[in-house]
Amino acid sequence: MHRLRSLLISLAAGTSIVACDPGEPDGPAPYDSRYQSLASQSTILRGATVLTGTGDRIDNADVVMQDGKIVAVGSALDATGMTAVDASDMWVTPGVIDVHSHLGAYPSPGVSAHSDGNEATDPNTAEVWAEHSVWPQDPGFVAALAGGVTTLQVLPGSANLFGGRGVTLKNVPGRSVMDMKFPGAPYGLKMACGENPKRVYGGKGQSPSTRMGNVAGYRSAWIEAADYNKKLANAEKGQGEAPKRDLKLETLAGVLNGEILVHNHCYRADEMAVMFEIAKEFGYKITAFHHAVEAYKIADLLRENDTCGAIWADWYGFKMEAFDGIRENAAILDRAEACTVMHSDSEMGIQRLNQESAKVIGAAARVGIDIPPERAVRWFTANAAKALGIADVVGTLEPGKMADVTVWDGNPFSVYTKAQKVYIDGALVYDRSDESGNPVTDFSLGTAAQHGGAQ
Amino acid sequence: MNFALRFFVTSLVFIGVAAAQTTAITGATVHTVGPQGSIENATIIIEGGRIAAVGTNVSIPSDARRVDASNKVITPGLFSPLGQIGLSEVNAVEGTNDATQRGNDFAAAFDIADAYNPRSIVIAISRIDGITRAGITPHASGPDAEGYTSHVLSGLGSVVHLGDSPEWFVKRGAIVVANLGETGSSVAGGSRAAAVQILRAALDDALDYRQNKAAYERGDWRDYSFSAADLDALLGVLDGSAALLFNVDRASDISVVLGIAGEYNIRAIIAGGSEAWMVADHLAAAAVPVILDGINNLPGNFDRINARLDSASLLINAGVTVAFGASAQTHNARLLTQSAGIAVANGLTWDQALKAITLAPAEIYGVDSMVGTIEVGKDADLVIWSADPLELTSYPDQVYIQGAAISMESRQTLLRDRYLQTGSDAPPAFRN
């Protein structure tokens, strides 16, 4: 039984131990990351306006990347033997991180044969993993890269109370999802409040058909997961039989054990408040509310619970629970010192999370709230990394972190600005000034995307 | 009288006065989008809801209300050419949506104008971000659960202003909407060719009807596949008083549209147009404009396989009139400025981009004698911007529609102001 436990933990944590055939050399565990960074050179970006992601802005600064890591940020750094990039008219930020994407799972073209984001057959499908729907040939990955995106979480859809596991990817298109998995990133669990689950299942004449049905569904599932955990623990102590392996309960138990992070689609303030009660009852943490259109009404609750609000800039009115969306949502959250994250949930929005943030800056300025670039950039870098549980390795330009870096041809909050160069683990993965080395997915061959379509 | 009501009444009085009174706006950089180009430190005089003067050497009437717009930027009001403003409150709340009609009762004659709600919350939200005019259009949908679909010809579209004057319609029945491509296929039984045949049959019937209307009305003529109401709607298309707007993306479908437009001598408009850039020269030669979904650069379906972000630049530089708009953006029609800004980042000049959200849509709808530029004699639809209007960090300080300073309040600003109050311990419902 002990062996099973370690397997679960290693799967959940995405580490690479155990579960190889005896006698074989150690390789990655099943489903584990096979990501390899592209070849990189030691590089110095010279003379840029640098937004570090830690809340600082450093003008006329150099950024040094070596062996895939950030080595230094500062003035007139030694660059002996390095590839030097004149970035004197450029702005440099950490690579953009989107915590809410369906790329690969709902890829382009959006034909029904590609509709792989919602296992809408049961209100609890915690057993499914979004990564097993990810099609790496989605042209959206490359379009996102041209928007400076270096890391993204692909989540299942929101038809179900428990939609399944989300997966965090490095935005380097590979042959399989394993080639793209962010090494060591924890899994996410997609949960959904509100209209979607009750509409999907109420429409089929089954539970949940109401919001109270939703809540009963979450609680019943957590009771089962807690019981499963208890049986596992008892069996480890030699008390009783271990339960049969159960994919659904493994994921839910992973949340209760703190190994899997809860990403909770939830629009209304009152529902988010109820979700906090459920988390309290069963002793788990809600890492982030996604969409959170009404987060501005409960900014204090988000701060107190250390829960991120991952939101759009201006989506509203497309359904009843989005009726109260306002553009100042992120500004009000950020002002309250709650973890504010700009997310996309869209193959279009992911290409310009910087512009989504600019909309908030403008709306805030209208009411006299000044949000400087060095503060707003955190919404799609450091804060997003925190929401994905990878803030210790990525999301800021601090020495020792992964050299995931986006170089912009101006202030990233200007509508005229574009990502010029995108580095992932120190490797130049996208270069607007030299398209010859840029990725093109198989699907895009022979289409306009090869010559400016996705750019 | 409670505070909210008092404020409301005061605003109404203010708006009434503003519309009647002469107004002089001074000091701004004015982008006229007209022959006068851009003028620094300009003065605009508004009289009787219209532009009375614009320039640097303008005398200000002594009774004029003066508005200091120093360091601000003024543009014509923005024109959202497509969507369902006033026809849709909440997309997923069925009873609030009136743009889609299914079944066999109507085709071209379906007129959404009677469903228009000038008090929709979407209007206040849109106009305080600079939108002063909008094209509103029927929306076609494929089969519902009972198998009813919209028609290939899904009805009449109109142009409205978003101001407070009660004559909301600037041009009723300005367009008839036709759906080809994938949508056409889904409403025509499974092939885009069938959609084209249905369209041709309708136009042929309408031609015949035009010749033989009297006999038809006497009951002395053959039957048609379409009702008299539908054929009457199409007469406007045939005589040029209405344009036929085609929702279409694929280049081959656009070529078919150009053929039909030439054959029947009608004014065609392309809406969507992801692959229009591939036939840009033909569009320019036929003087067929495009209402472009400019941000949509991914192959969402096979009709858009060659979508690209620099479409606007390719089209305009080939001589095609382009307006920005996306039918899906009813609630966020205010993102017109983002479309324009992104186009500038992808090859368009700033002036071309501003034109594509002001004058170009007015031209496409044939209302450019009234709006679209800041010119003497035109309706005074103006936006005073804090800075560059295409930058998302900018915002309107004040919007004028037909010469009246509109209330800069919306349901969203009310929510914002309630939750920005941090001094109060009272529950939000008591913060009034």
# chains A, B, ... in the order shown; residues from 1 in each chain; ligands from 1
call {"tool": "closest_atom_pairs", "arguments": {"of": "chain B", "to": "chain A", "cutoff": "7 Å", "atoms": "only C-alpha atoms", "output": "Markdown table"}}
result
| residue | atom | partner | partner_atom | distance |
| --- | --- | --- | --- | --- |
| B:Glu89 | CA | A:Gly317 | CA | 6.9 |
| B:Val90 | CA | A:Gly317 | CA | 5.0 |
| B:Asn91 | CA | A:Phe318 | CA | 4.6 |
| B:Ala92 | CA | A:Lys319 | CA | 4.7 |
| B:Val93 | CA | A:Lys319 | CA | 6.6 |
| B:Asn296 | CA | A:Met348 | CA | 7.0 |
| B:Asn297 | CA | A:Ala454 | CA | 5.9 |
| B:Leu298 | CA | A:Ala454 | CA | 6.6 |
| B:Pro299 | CA | A:Pro109 | CA | 5.3 |
| B:Gly300 | CA | A:Pro109 | CA | 4.5 |
| B:Asn301 | CA | A:Pro109 | CA | 4.7 |
| B:Phe302 | CA | A:Pro109 | CA | 6.7 |
| B:Ile305 | CA | A:Thr447 | CA | 6.6 |
| B:Asn306 | CA | A:Ala448 | CA | 4.7 |
| B:Ala307 | CA | A:Gly453 | CA | 5.9 |
| B:Arg308 | CA | A:Gly453 | CA | 3.6 |
| B:Leu309 | CA | A:Gly453 | CA | 5.8 |
| B:His331 | CA | A:Gly317 | CA | 6.6 |
| B:Gln338 | CA | A:Val415 | CA | 7.0 |
| B:Gly341 | CA | A:Val415 | CA | 5.5 |
| B:Ile342 | CA | A:Val415 | CA | 6.2 |
| B:Val344 | CA | A:Tyr416 | CA | 6.6 |
| B:Ala345 | CA | A:Tyr416 | CA | 4.7 |
| B:Glu391 | CA | A:Val415 | CA | 5.5 |
| B:Leu392 | CA | A:Lys359 | CA | 5.1 |
| B:Thr393 | CA | A:Gly362 | CA | 3.7 |
| B:Ser394 | CA | A:Gly362 | CA | 5.5 |
| B:Tyr395 | CA | A:Gly362 | CA | 6.5 |
| B:Gln412 | CA | A:Ile326 | CA | 5.7 |
| B:Arg416 | CA | A:Ile326 | CA | 6.9 |
| B:Tyr419 | CA | A:Lys297 | CA | 6.4 |
call {"tool": "write_last_selection", "arguments": {"atoms": "N, CA, C and O atoms", "output": "compact mmCIF listing (two decimals), in the first residue's frame"}}
result
# COMPACT_ATOMS: atom_id res chain seq x y z
N GLU B 89 -30.42 41.58 -23.81
CA GLU B 89 -30.00 42.08 -22.50
C GLU B 89 -29.00 41.12 -21.87
O GLU B 89 -27.92 41.50 -21.47
N VAL B 90 -29.39 39.85 -21.80
CA VAL B 90 -28.52 38.81 -21.26
C VAL B 90 -28.59 37.64 -22.25
O VAL B 90 -29.66 37.08 -22.46
N ASN B 91 -27.48 37.30 -22.84
CA ASN B 91 -27.49 36.30 -23.91
C ASN B 91 -28.20 35.00 -23.52
O ASN B 91 -28.95 34.45 -24.30
N ALA B 92 -27.91 34.54 -22.30
CA ALA B 92 -28.43 33.23 -21.92
C ALA B 92 -29.81 33.30 -21.26
O ALA B 92 -30.30 32.30 -20.76
N VAL B 93 -30.42 34.47 -21.27
CA VAL B 93 -31.79 34.60 -20.75
C VAL B 93 -32.71 34.82 -21.95
O VAL B 93 -32.76 35.90 -22.54
N ASN B 296 -10.10 38.46 -34.87
CA ASN B 296 -10.25 37.00 -34.92
C ASN B 296 -9.24 36.38 -35.88
O ASN B 296 -9.50 36.22 -37.06
N ASN B 297 -8.07 36.03 -35.38
CA ASN B 297 -6.96 35.60 -36.24
C ASN B 297 -6.74 34.10 -36.25
O ASN B 297 -5.74 33.63 -36.77
N LEU B 298 -7.66 33.33 -35.66
CA LEU B 298 -7.48 31.88 -35.64
C LEU B 298 -8.54 31.20 -36.51
O LEU B 298 -9.63 31.74 -36.70
N PRO B 299 -8.22 30.03 -37.02
CA PRO B 299 -9.20 29.32 -37.85
C PRO B 299 -10.28 28.67 -36.99
O PRO B 299 -10.28 27.47 -36.77
N GLY B 300 -11.21 29.48 -36.52
CA GLY B 300 -12.28 28.97 -35.65
C GLY B 300 -13.09 27.89 -36.35
O GLY B 300 -13.59 26.97 -35.72
N ASN B 301 -13.24 28.02 -37.67
CA ASN B 301 -13.83 26.94 -38.46
C ASN B 301 -13.13 26.93 -39.82
O ASN B 301 -12.24 27.75 -40.07
N PHE B 302 -13.54 26.04 -40.68
CA PHE B 302 -12.84 25.90 -41.94
C PHE B 302 -13.10 27.07 -42.90
O PHE B 302 -12.37 27.24 -43.86
N ILE B 305 -10.02 29.56 -42.33
CA ILE B 305 -8.73 28.88 -42.22
C ILE B 305 -7.57 29.83 -42.49
O ILE B 305 -6.46 29.63 -42.00
N ASN B 306 -7.82 30.88 -43.27
CA ASN B 306 -6.74 31.82 -43.59
C ASN B 306 -6.93 33.18 -42.92
O ASN B 306 -6.53 34.22 -43.46
N ALA B 307 -7.56 33.17 -41.76
CA ALA B 307 -7.71 34.41 -41.00
C ALA B 307 -6.34 34.95 -40.64
O ALA B 307 -5.41 34.19 -40.37
N ARG B 308 -6.20 36.26 -40.64
CA ARG B 308 -4.92 36.85 -40.22
C ARG B 308 -5.16 38.23 -39.62
O ARG B 308 -6.13 38.91 -39.92
N LEU B 309 -4.20 38.62 -38.79
CA LEU B 309 -4.36 39.82 -37.99
C LEU B 309 -4.14 41.11 -38.78
O LEU B 309 -4.57 42.17 -38.37
N HIS B 331 -22.47 43.14 -26.24
CA HIS B 331 -22.24 43.73 -24.93
C HIS B 331 -20.92 44.50 -24.89
O HIS B 331 -20.77 45.44 -24.13
N GLN B 338 -10.25 48.82 -29.50
CA GLN B 338 -9.18 47.81 -29.43
C GLN B 338 -8.92 47.20 -30.81
O GLN B 338 -7.77 47.02 -31.20
N GLY B 341 -6.92 49.73 -32.67
CA GLY B 341 -5.55 49.82 -32.16
C GLY B 341 -4.70 48.63 -32.60
O GLY B 341 -3.55 48.79 -33.01
N ILE B 342 -5.28 47.45 -32.53
CA ILE B 342 -4.55 46.25 -32.96
C ILE B 342 -4.24 46.33 -34.45
O ILE B 342 -3.17 45.93 -34.91
N VAL B 344 -3.65 49.02 -36.09
CA VAL B 344 -2.52 49.94 -36.22
C VAL B 344 -1.20 49.19 -35.94
O VAL B 344 -0.20 49.39 -36.62
N ALA B 345 -1.25 48.33 -34.94
CA ALA B 345 -0.04 47.54 -34.63
C ALA B 345 0.27 46.55 -35.75
O ALA B 345 1.34 45.96 -35.78
N GLU B 391 -5.98 53.85 -27.42
CA GLU B 391 -5.31 53.21 -26.28
C GLU B 391 -6.37 52.75 -25.27
O GLU B 391 -7.30 53.50 -24.94
N LEU B 392 -6.21 51.53 -24.77
CA LEU B 392 -7.20 50.98 -23.84
C LEU B 392 -7.13 51.64 -22.48
O LEU B 392 -8.05 51.50 -21.66
N THR B 393 -6.04 52.34 -22.23
CA THR B 393 -5.91 53.05 -20.96
C THR B 393 -6.59 54.42 -21.01
O THR B 393 -6.64 55.13 -20.01
N SER B 394 -7.10 54.81 -22.20
CA SER B 394 -7.83 56.07 -22.33
C SER B 394 -9.32 55.84 -22.12
O SER B 394 -9.79 54.70 -22.18
N TYR B 395 -10.04 56.94 -21.91
CA TYR B 395 -11.48 56.80 -21.68
C TYR B 395 -12.15 58.12 -22.03
O TYR B 395 -11.51 59.18 -22.00
N GLN B 412 -23.13 49.80 -14.69
CA GLN B 412 -21.79 49.40 -14.24
C GLN B 412 -21.12 50.49 -13.40
O GLN B 412 -20.42 50.17 -12.44
N ARG B 416 -19.89 50.04 -9.62
CA ARG B 416 -18.52 50.46 -9.30
C ARG B 416 -18.51 51.41 -8.11
O ARG B 416 -17.78 51.20 -7.13
N TYR B 419 -19.29 49.84 -4.73
CA TYR B 419 -18.27 48.97 -4.12
C TYR B 419 -16.92 49.66 -3.96
O TYR B 419 -16.02 49.10 -3.35
call {"tool": "residues_around", "arguments": {"residues": "range 184-195 of chain A", "least_positions_apart": "4", "cutoff": "7 Å", "atoms": "only C-alpha atoms", "output": "PyMOL selection string"}}
result
chain A and resi 12-15+155-156+158+160-168+199+211+259-266+389-390
call {"tool": "select_by_dssp", "arguments": {"residues": "range 152-295 of chain A", "states": "strand (DSSP E or B)", "output": "PyMOL selection string"}}
result
chain A and resi 152-154+162-170+181+188-192+261-266+286-291
call {"tool": "closest_residue", "arguments": {"among": "A:Lys204, A:Arg57, A:His290, A:Lys231", "to": "Ala376 in chain A", "atoms": "only C-alpha atoms"}}
result
A:Arg57
call {"tool": "atom_distance", "arguments": {"atom1": "CA of Lys248 in chain A", "atom2": "CA of Asn383 in chain A"}}
result
29.0 Å
call {"tool": "residues_around", "arguments": {"residues": "Ala292 in chain A", "least_positions_apart": "5", "cutoff": "7 Å", "atoms": "only C-alpha atoms", "output": "list in words"}}
result
Cys266, Tyr267, Arg268, Gly309, Ala310 and Ile311 of chain A
call {"tool": "write_last_selection", "arguments": {"atoms": "N, CA, C and O atoms", "output": "short mmCIF file (atom, residue, chain, number, x, y, z; two decimals), in the first residue's frame"}}
result
data_model
loop_
_atom_site.label_atom_id
_atom_site.label_comp_id
_atom_site.auth_asym_id
_atom_site.auth_seq_id
_atom_site.Cartn_x
_atom_site.Cartn_y
_atom_site.Cartn_z
N CYS A 266 -16.50 30.34 -10.68
CA CYS A 266 -17.57 30.84 -9.81
C CYS A 266 -17.75 32.33 -10.09
O CYS A 266 -16.78 33.08 -10.05
N TYR A 267 -18.96 32.75 -10.41
CA TYR A 267 -19.19 34.13 -10.83
C TYR A 267 -19.65 35.02 -9.70
O TYR A 267 -19.19 36.14 -9.54
N ARG A 268 -20.65 34.53 -8.96
CA ARG A 268 -21.36 35.42 -8.04
C ARG A 268 -20.67 35.47 -6.68
O ARG A 268 -20.19 34.46 -6.17
N GLY A 309 -8.29 35.82 -7.24
CA GLY A 309 -9.41 36.07 -8.14
C GLY A 309 -8.86 36.14 -9.55
O GLY A 309 -8.13 37.07 -9.89
N ALA A 310 -9.17 35.12 -10.36
CA ALA A 310 -8.68 35.08 -11.75
C ALA A 310 -9.83 35.51 -12.65
O ALA A 310 -10.86 34.83 -12.71
N ILE A 311 -9.66 36.64 -13.30
CA ILE A 311 -10.82 37.30 -13.91
C ILE A 311 -10.54 37.83 -15.31
O ILE A 311 -9.39 37.93 -15.73
#
call {"tool": "select_by_dssp", "arguments": {"residues": "range 90-259 of chain B", "states": "alpha helix (DSSP H)", "output": "VMD selection string"}}
result
chain B and resid 121 to 127 181 to 187 192 to 217 228 to 239 251 to 259
call {"tool": "closest_residue", "arguments": {"among": "A:Gly368, A:Gly104, A:Gly238, A:Pro30", "to": "Gly174 in chain A", "atoms": "only C-alpha atoms"}}
result
A:Gly104
call {"tool": "atom_distance", "arguments": {"atom1": "CA of Leu445 in chain A", "atom2": "CA of Gly426 in chain A"}}
result
26.8 Å
call {"tool": "residues_around", "arguments": {"residues": "Lys378 in chain B", "least_positions_apart": "4", "cutoff": "9 Å", "atoms": "only C-alpha atoms", "output": "number ranges by chain"}}
result
B: 49-52, 368-374, 402
call {"tool": "residues_around", "arguments": {"residues": "range 391-398 of chain A", "least_positions_apart": "4", "cutoff": "12 Å", "atoms": "only C-alpha atoms", "output": "MDAnalysis selection string"}}
result
chainID A and resid 50:58 61:65 68:74 92:99 149:152 170 182:186 374 377:387 402:406 424:426
call {"tool": "residues_around", "arguments": {"residues": "Gly259 in chain B", "least_positions_apart": "4", "cutoff": "12 Å", "atoms": "only C-alpha atoms", "output": "PyMOL selection string"}}
result
chain B and resi 196+200+252-255+263-268+282-283+286+288
call {"tool": "decode", "arguments": {"residues": "range 123-141 of chain B", "atoms": "N, CA, C and O atoms", "output": "short mmCIF file (atom, residue, chain, number, x, y, z; two decimals), in the first residue's frame"}}
result
data_model
loop_
_atom_site.label_atom_id
_atom_site.label_comp_id
_atom_site.auth_asym_id
_atom_site.auth_seq_id
_atom_site.Cartn_x
_atom_site.Cartn_y
_atom_site.Cartn_z
N ILE B 123 -26.97 49.86 -23.75
CA ILE B 123 -26.82 51.15 -24.43
C ILE B 123 -26.03 52.13 -23.58
O ILE B 123 -25.07 52.75 -24.06
N ALA B 124 -26.40 52.26 -22.32
CA ALA B 124 -25.65 53.19 -21.47
C ALA B 124 -24.19 52.75 -21.34
O ALA B 124 -23.27 53.57 -21.39
N ILE B 125 -23.99 51.43 -21.20
CA ILE B 125 -22.62 50.92 -21.06
C ILE B 125 -21.80 51.20 -22.31
O ILE B 125 -20.63 51.54 -22.24
N SER B 126 -22.44 51.09 -23.46
CA SER B 126 -21.72 51.28 -24.73
C SER B 126 -21.45 52.75 -25.00
O SER B 126 -20.36 53.13 -25.45
N ARG B 127 -22.44 53.59 -24.74
CA ARG B 127 -22.27 54.98 -25.18
C ARG B 127 -21.32 55.75 -24.28
O ARG B 127 -20.65 56.67 -24.75
N ILE B 128 -21.22 55.39 -23.01
CA ILE B 128 -20.24 56.12 -22.19
C ILE B 128 -18.81 55.74 -22.56
O ILE B 128 -17.86 56.36 -22.13
N ASP B 129 -18.65 54.70 -23.36
CA ASP B 129 -17.34 54.40 -23.92
C ASP B 129 -17.21 54.87 -25.36
O ASP B 129 -16.33 54.41 -26.09
N GLY B 130 -18.11 55.75 -25.77
CA GLY B 130 -17.88 56.45 -27.03
C GLY B 130 -18.74 56.04 -28.21
O GLY B 130 -18.64 56.64 -29.28
N ILE B 131 -19.57 55.01 -28.05
CA ILE B 131 -20.38 54.58 -29.19
C ILE B 131 -21.65 55.41 -29.25
O ILE B 131 -22.41 55.49 -28.28
N THR B 132 -21.85 56.05 -30.38
CA THR B 132 -23.02 56.92 -30.52
C THR B 132 -24.02 56.42 -31.55
O THR B 132 -25.17 56.83 -31.54
N ARG B 133 -23.57 55.54 -32.45
CA ARG B 133 -24.48 54.98 -33.47
C ARG B 133 -24.22 53.48 -33.56
O ARG B 133 -23.09 53.03 -33.34
N ALA B 134 -25.25 52.76 -33.93
CA ALA B 134 -25.07 51.31 -34.06
C ALA B 134 -25.94 50.76 -35.17
O ALA B 134 -27.08 51.20 -35.35
N GLY B 135 -25.38 49.80 -35.89
CA GLY B 135 -26.18 48.97 -36.78
C GLY B 135 -26.69 47.80 -35.97
O GLY B 135 -25.91 47.17 -35.24
N ILE B 136 -27.98 47.55 -36.03
CA ILE B 136 -28.52 46.40 -35.30
C ILE B 136 -29.10 45.42 -36.31
O ILE B 136 -29.75 45.82 -37.28
N THR B 137 -28.80 44.17 -36.08
CA THR B 137 -29.05 43.18 -37.12
C THR B 137 -29.72 41.94 -36.56
O THR B 137 -29.47 41.55 -35.42
N PRO B 138 -30.55 41.30 -37.39
CA PRO B 138 -31.06 39.99 -36.99
C PRO B 138 -29.92 38.98 -36.98
O PRO B 138 -28.92 39.16 -37.67
N HIS B 139 -30.09 37.95 -36.21
CA HIS B 139 -29.04 36.93 -36.07
C HIS B 139 -29.63 35.59 -36.52
O HIS B 139 -30.70 35.20 -36.07
N ALA B 140 -28.93 34.92 -37.42
CA ALA B 140 -29.44 33.64 -37.93
C ALA B 140 -28.91 32.48 -37.11
O ALA B 140 -27.76 32.47 -36.70
N SER B 141 -29.79 31.52 -36.84
CA SER B 141 -29.36 30.32 -36.13
C SER B 141 -29.87 29.08 -36.84
O SER B 141 -30.96 29.08 -37.41
#
